[in-house]
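S.K.: First the structure, then my questions, so here it is.
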Amino acid sequence: MELRYPSYYKTFACIAGDCPDSCCHEWEVQVDAASAGRYRSMAGPLGDALREHLYDEDGETYLRNVENRCPMWRSDGLCRIQAEQGHEALCTVCQQFPRLRHDYGDLLELGLELSCPEAARLILESRLELVTEVVPGGEEPEYDGEIMDILKKSRPYALALLENDRYTVPERLRLLLMFGYHIQGAIDGAEPAAFDPDAALREAGQFAGPGDAGLLAEYYLGLDLLTRRWQDRLNAVTAPRWEEALCRMAQYGVCRHWFQAVSDWDLACRVKMLLSGCALAARLPGALRDNAQLWSKEIENSAQNLDTILDGAYAEPALTDANLLGLLA
Ligand code: SF4
């Protein structure tokens, strides 16, 4: 089978106590059944502490937040379970975070989550290079081969568009939306045609409205909010700063979400979700890296928020093509 990962993947190392927004902060960790069983039968003070904070809801087990943080998070920034029992004792989510794994049967893609500050640094500071290896294993894919073929052939072009310096940063982001629709047409059965970026930009200009950043921020404020920091930033949208890192953020999103369209044949809604994040990250106060990391923490790590945006991508006034194209200018 093919194994693919960005070149920075293997250089990631958790910065633990130096992390500015630890994954042990604000999230309630979902504990897999095997780990929950181990924790509940663990002897000694660590077992007592785990039993005190584990709870079940809707058939899942969670570790309850205490004062908005994981109760296993020590004051030195390290995890008590890891410190006392080693990495293997961590539950699956904590062992894997921020590593992403998408298994398509004949293709395994690995990546890092933008919601981890150290991963965000690597993602936004590194030129994207995808490494491909052939490794043993794999199984017969269950996806629709024709659709996956379209997605596999088009993704490298989308990634290349985002680093084409013939175009400005907002132009490249606009082009991503137009190219997403172009490939959506192919998925929907349109005759194959070449994509002409210059013509696409002219067309985007005709579609673009004035771009209402307040409307987009208001829409995001209506989602399920996790952190006060995100809420405060959404309430303070400002003029856009078109930093090159926005294209790296978009490349990260294309790597993570493009092939997911094989599940429901809807690529355009994923591109719109991603570009709404870029349009916001450009406009929120504070460093772009922090804005991008918070966006991912609030949206990509919440199945509820992600589904809401994907479902609303065509009907929500904040997410219309006219508004997004207007904001990417
Ligand atoms: S968010 Fe990333 S860098 Fe920070 S503690 Fe978690 S894994 Fe480590």
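Chain labels run A, B, ... following the order of the structure tokens; each chain numbers its residues from 1, and ligands are numbered from 1 in the order shown.
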Could you list, as an NGL selection string, all protein and nucleic acid residues with an atom at most 10 Å from ligand 1, counting only C-alpha atoms and all ligand atoms?

M.R.: :A and (12-25 or 73 or 77-79 or 94-99 or 112-121 or 293 or 297)

S.K.: What's around A:Gln304 at 12 Å? Count only C-alpha atoms, leave out sequence neighbours fewer than 6 positions away in its own chain, and write the answer as number ranges by chain.

M.R.: A: 223-226, 298, 310-311

S.K.: Since we have the selection now, will you write its residues out, keeping N, CA and C atoms, as a PDB file, in the first residue's frame?

M.R.:
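Listing of out26.pdb after writing:
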ATOM      1  N   LEU A 223     -21.748  29.123  16.572  1.00  0.00           N
ATOM      2  CA  LEU A 223     -21.404  27.694  16.662  1.00  0.00           C
ATOM      3  C   LEU A 223     -21.126  27.353  18.128  1.00  0.00           C
ATOM      4  N   ASP A 224     -20.817  26.106  18.377  1.00  0.00           N
ATOM      5  CA  ASP A 224     -20.528  25.658  19.742  1.00  0.00           C
ATOM      6  C   ASP A 224     -19.116  26.145  20.104  1.00  0.00           C
ATOM      7  N   LEU A 225     -19.026  27.149  20.983  1.00  0.00           N
ATOM      8  CA  LEU A 225     -17.730  27.766  21.291  1.00  0.00           C
ATOM      9  C   LEU A 225     -17.046  27.029  22.435  1.00  0.00           C
ATOM     10  N   LEU A 226     -15.742  26.837  22.287  1.00  0.00           N
ATOM     11  CA  LEU A 226     -14.981  26.128  23.315  1.00  0.00           C
ATOM     12  C   LEU A 226     -14.191  27.096  24.195  1.00  0.00           C
ATOM     13  N   GLU A 298     -11.300  24.842  17.436  1.00  0.00           N
ATOM     14  CA  GLU A 298     -12.738  25.075  17.609  1.00  0.00           C
ATOM     15  C   GLU A 298     -13.588  24.370  16.547  1.00  0.00           C
ATOM     16  N   LEU A 310     -20.258  22.329   7.145  1.00  0.00           N
ATOM     17  CA  LEU A 310     -20.383  21.592   5.875  1.00  0.00           C
ATOM     18  C   LEU A 310     -21.841  21.579   5.413  1.00  0.00           C
ATOM     19  N   ASP A 311     -22.767  21.409   6.369  1.00  0.00           N
ATOM     20  CA  ASP A 311     -24.195  21.394   6.003  1.00  0.00           C
ATOM     21  C   ASP A 311     -24.667  22.770   5.530  1.00  0.00           C
TER      22      ASP A 311
END

S.K.: Report as a PyMOL selection string all protein, DNA and RNA residues lying within 12 Å of A:Arg155, evaluated on only C-alpha atoms, omitting residues in the same chain fewer than 5 positions from it.

M.R.: chain A and resi 130+148-150+160-162+176+179-180+183+251-261+267+271

S.K.: Could you work out how far atom CA of A:Asp56 lies from atom CA of A:Ser41, giving the answer in Å with one decimal?

M.R.: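 So the answer is 15.6 Å.
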
S.K.: Could you pull out the strand (DSSP E or B) residues of stretch 22-263 of chain A from DSSP and send them as a ChimeraX atom specification?

M.R.: /A:25,29-31,54-57,60-63,66,69,73,79,99-103,107-112,130-134

S.K.: Check the DSSP output for the backbone and give back, as a PDB file with C-alpha atoms, in the first residue's frame, the residues of stretch 44-251 of chain A in alpha helix (DSSP H).

M.R.:
ATOM      1  CA  GLY A  44      -2.889   3.193  44.052  1.00  0.00           C
ATOM      2  CA  PRO A  45      -3.394   6.975  44.157  1.00  0.00           C
ATOM      3  CA  LEU A  46      -3.260   7.372  40.344  1.00  0.00           C
ATOM      4  CA  GLY A  47      -6.054   4.807  39.961  1.00  0.00           C
ATOM      5  CA  ASP A  48      -8.048   6.593  42.674  1.00  0.00           C
ATOM      6  CA  ALA A  49      -7.648   9.940  40.865  1.00  0.00           C
ATOM      7  CA  LEU A  50      -8.682   8.419  37.533  1.00  0.00           C
ATOM      8  CA  ARG A  51     -11.744   6.731  39.034  1.00  0.00           C
ATOM      9  CA  GLU A  52     -12.766  10.030  40.601  1.00  0.00           C
ATOM     10  CA  HIS A  53     -12.767  11.866  37.269  1.00  0.00           C
ATOM     11  CA  ARG A  80       0.620  12.526  35.444  1.00  0.00           C
ATOM     12  CA  ILE A  81      -0.321   9.244  33.716  1.00  0.00           C
ATOM     13  CA  GLN A  82       2.642   9.481  31.344  1.00  0.00           C
ATOM     14  CA  ALA A  83       5.036  10.579  34.088  1.00  0.00           C
ATOM     15  CA  GLU A  84       4.082   7.716  36.424  1.00  0.00           C
ATOM     16  CA  GLN A  85       3.304   4.888  33.983  1.00  0.00           C
ATOM     17  CA  THR A  92      -5.523   6.175  22.428  1.00  0.00           C
ATOM     18  CA  VAL A  93      -6.518   9.825  21.869  1.00  0.00           C
ATOM     19  CA  CYS A  94      -3.654  11.113  24.037  1.00  0.00           C
ATOM     20  CA  GLN A  95      -1.133   8.688  22.512  1.00  0.00           C
ATOM     21  CA  GLN A  96      -2.003   9.782  18.980  1.00  0.00           C
ATOM     22  CA  PRO A 117       0.496  24.877  18.567  1.00  0.00           C
ATOM     23  CA  GLU A 118       3.758  23.074  17.817  1.00  0.00           C
ATOM     24  CA  ALA A 119       2.221  21.302  14.825  1.00  0.00           C
ATOM     25  CA  ALA A 120       0.790  24.669  13.697  1.00  0.00           C
ATOM     26  CA  ARG A 121       4.307  26.129  13.799  1.00  0.00           C
ATOM     27  CA  LEU A 122       5.613  23.316  11.581  1.00  0.00           C
ATOM     28  CA  ILE A 123       2.637  23.454   9.197  1.00  0.00           C
ATOM     29  CA  LEU A 124       2.723  27.221   8.715  1.00  0.00           C
ATOM     30  CA  GLU A 125       6.509  27.611   8.572  1.00  0.00           C
ATOM     31  CA  GLY A 145     -12.697   4.299  -7.493  1.00  0.00           C
ATOM     32  CA  GLU A 146     -13.753   6.836 -10.138  1.00  0.00           C
ATOM     33  CA  ILE A 147     -14.384   9.606  -7.618  1.00  0.00           C
ATOM     34  CA  MET A 148     -11.158   8.872  -5.758  1.00  0.00           C
ATOM     35  CA  ASP A 149      -9.308   8.960  -9.053  1.00  0.00           C
ATOM     36  CA  ILE A 150     -10.637  12.476  -9.734  1.00  0.00           C
ATOM     37  CA  LEU A 151      -9.657  13.576  -6.238  1.00  0.00           C
ATOM     38  CA  LYS A 152      -6.192  12.014  -6.436  1.00  0.00           C
ATOM     39  CA  LYS A 153      -5.441  13.577  -9.807  1.00  0.00           C
ATOM     40  CA  SER A 154      -6.707  17.038  -8.827  1.00  0.00           C
ATOM     41  CA  ARG A 155      -5.215  17.489  -5.354  1.00  0.00           C
ATOM     42  CA  PRO A 156      -1.587  18.082  -6.492  1.00  0.00           C
ATOM     43  CA  TYR A 157      -2.849  20.877  -8.780  1.00  0.00           C
ATOM     44  CA  ALA A 158      -4.787  22.464  -5.897  1.00  0.00           C
ATOM     45  CA  LEU A 159      -1.667  22.351  -3.724  1.00  0.00           C
ATOM     46  CA  ALA A 160       0.453  23.837  -6.522  1.00  0.00           C
ATOM     47  CA  LEU A 161      -2.054  26.672  -7.118  1.00  0.00           C
ATOM     48  CA  VAL A 169      -2.244  35.331  -1.575  1.00  0.00           C
ATOM     49  CA  PRO A 170      -5.955  36.293  -1.807  1.00  0.00           C
ATOM     50  CA  GLU A 171      -5.953  35.454  -5.529  1.00  0.00           C
ATOM     51  CA  ARG A 172      -4.589  31.981  -4.761  1.00  0.00           C
ATOM     52  CA  LEU A 173      -7.307  31.472  -2.149  1.00  0.00           C
ATOM     53  CA  ARG A 174      -9.969  32.581  -4.637  1.00  0.00           C
ATOM     54  CA  LEU A 175      -8.503  30.224  -7.186  1.00  0.00           C
ATOM     55  CA  LEU A 176      -8.803  27.371  -4.711  1.00  0.00           C
ATOM     56  CA  LEU A 177     -12.551  27.983  -4.464  1.00  0.00           C
ATOM     57  CA  MET A 178     -12.916  28.181  -8.232  1.00  0.00           C
ATOM     58  CA  PHE A 179     -10.814  25.050  -8.734  1.00  0.00           C
ATOM     59  CA  GLY A 180     -12.840  23.259  -6.034  1.00  0.00           C
ATOM     60  CA  TYR A 181     -15.999  23.995  -8.060  1.00  0.00           C
ATOM     61  CA  HIS A 182     -14.251  22.919 -11.264  1.00  0.00           C
ATOM     62  CA  ILE A 183     -13.450  19.525  -9.719  1.00  0.00           C
ATOM     63  CA  GLN A 184     -16.911  19.341  -8.141  1.00  0.00           C
ATOM     64  CA  GLY A 185     -18.239  19.567 -11.708  1.00  0.00           C
ATOM     65  CA  ALA A 186     -16.085  16.583 -12.709  1.00  0.00           C
ATOM     66  CA  ILE A 187     -17.357  14.639  -9.676  1.00  0.00           C
ATOM     67  CA  PRO A 197      -6.656  30.238 -13.608  1.00  0.00           C
ATOM     68  CA  ASP A 198      -6.770  33.646 -15.299  1.00  0.00           C
ATOM     69  CA  ALA A 199     -10.268  33.028 -16.648  1.00  0.00           C
ATOM     70  CA  ALA A 200     -11.285  31.637 -13.237  1.00  0.00           C
ATOM     71  CA  LEU A 201     -10.078  34.805 -11.515  1.00  0.00           C
ATOM     72  CA  ARG A 202     -12.095  36.951 -13.901  1.00  0.00           C
ATOM     73  CA  GLU A 203     -15.156  34.825 -13.218  1.00  0.00           C
ATOM     74  CA  ALA A 204     -14.525  35.047  -9.458  1.00  0.00           C
ATOM     75  CA  GLY A 205     -14.445  38.831  -9.773  1.00  0.00           C
ATOM     76  CA  GLN A 206     -17.909  38.774 -11.360  1.00  0.00           C
ATOM     77  CA  PHE A 207     -19.327  36.573  -8.598  1.00  0.00           C
ATOM     78  CA  ALA A 213     -16.472  39.878   7.646  1.00  0.00           C
ATOM     79  CA  GLY A 214     -18.864  40.761  10.477  1.00  0.00           C
ATOM     80  CA  LEU A 215     -21.452  38.372   9.050  1.00  0.00           C
ATOM     81  CA  LEU A 216     -18.905  35.557   8.924  1.00  0.00           C
ATOM     82  CA  ALA A 217     -17.716  36.252  12.482  1.00  0.00           C
ATOM     83  CA  GLU A 218     -21.310  36.351  13.707  1.00  0.00           C
ATOM     84  CA  TYR A 219     -21.972  32.998  12.065  1.00  0.00           C
ATOM     85  CA  TYR A 220     -18.932  31.476  13.782  1.00  0.00           C
ATOM     86  CA  LEU A 221     -20.056  33.011  17.121  1.00  0.00           C
ATOM     87  CA  ARG A 228     -13.070  32.537  25.481  1.00  0.00           C
ATOM     88  CA  ARG A 229     -10.017  33.520  23.419  1.00  0.00           C
ATOM     89  CA  TRP A 230     -11.735  32.490  20.184  1.00  0.00           C
ATOM     90  CA  GLN A 231     -14.924  34.310  21.142  1.00  0.00           C
ATOM     91  CA  ASP A 232     -12.989  37.517  21.947  1.00  0.00           C
ATOM     92  CA  ARG A 233     -11.171  37.371  18.620  1.00  0.00           C
ATOM     93  CA  LEU A 234     -14.374  36.816  16.677  1.00  0.00           C
ATOM     94  CA  ALA A 245       1.133  31.389   5.814  1.00  0.00           C
ATOM     95  CA  LEU A 246      -2.557  31.562   4.847  1.00  0.00           C
ATOM     96  CA  CYS A 247      -1.718  29.541   1.742  1.00  0.00           C
ATOM     97  CA  ARG A 248       0.095  27.001   3.950  1.00  0.00           C
ATOM     98  CA  MET A 249      -3.017  26.821   6.126  1.00  0.00           C
ATOM     99  CA  ALA A 250      -5.056  26.175   2.976  1.00  0.00           C
ATOM    100  CA  GLN A 251      -2.573  23.532   1.789  1.00  0.00           C
TER     101      GLN A 251
END

S.K.: With distances taken over only C-alpha atoms, which residue among A:Gly37, A:Gly312, A:Gly211, A:Gly277 lies nearest A:Ser296?

M.R.: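 Going through A:Gly37, A:Gly312, A:Gly211, A:Gly277 one by one, the smallest distance to A:Ser296 is for A:Gly277.
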
S.K.: Find the residues around A:Ala236 up to 9 Å (only C-alpha atoms counted), leave out those fewer than 6 positions away in its own chain, and share them as a PyMOL selection string.

M.R.: chain A and resi 217+283-285

S.K.: Output C-alpha atoms of each residue in that selection to a file, as a PDB file, in the first residue's frame.

M.R.:
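So the final result, stored in result-v2.pdb, reads:
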ATOM      1  CA  ALA A 217     -17.716  36.252  12.482  1.00  0.00           C
ATOM      2  CA  ARG A 283      -8.820  39.187   9.965  1.00  0.00           C
ATOM      3  CA  LEU A 284      -8.743  38.232  13.639  1.00  0.00           C
ATOM      4  CA  PRO A 285      -6.471  40.182  15.967  1.00  0.00           C
TER       5      PRO A 285
END

S.K.: Name the residues in contact with A:Asn323 at a cut-off of 8 Å, using only C-alpha atoms, excluding same-chain residues fewer than 6 positions from it; report them as a short mmCIF file (atom, residue, chain, number, x, y, z; two decimals) with C-alpha atoms, in the first residue's frame.

M.R.:
data_model
loop_
_atom_site.label_atom_id
_atom_site.label_comp_id
_atom_site.auth_asym_id
_atom_site.auth_seq_id
_atom_site.Cartn_x
_atom_site.Cartn_y
_atom_site.Cartn_z
CA ALA A 208 -17.73 38.40 -5.67
CA GLY A 209 -19.87 40.55 -3.41
CA PRO A 210 -18.60 43.25 -1.05
CA GLY A 211 -17.53 40.63 1.55
CA ASP A 212 -19.01 40.98 5.02
CA PRO A 317 -25.51 33.85 3.95
#
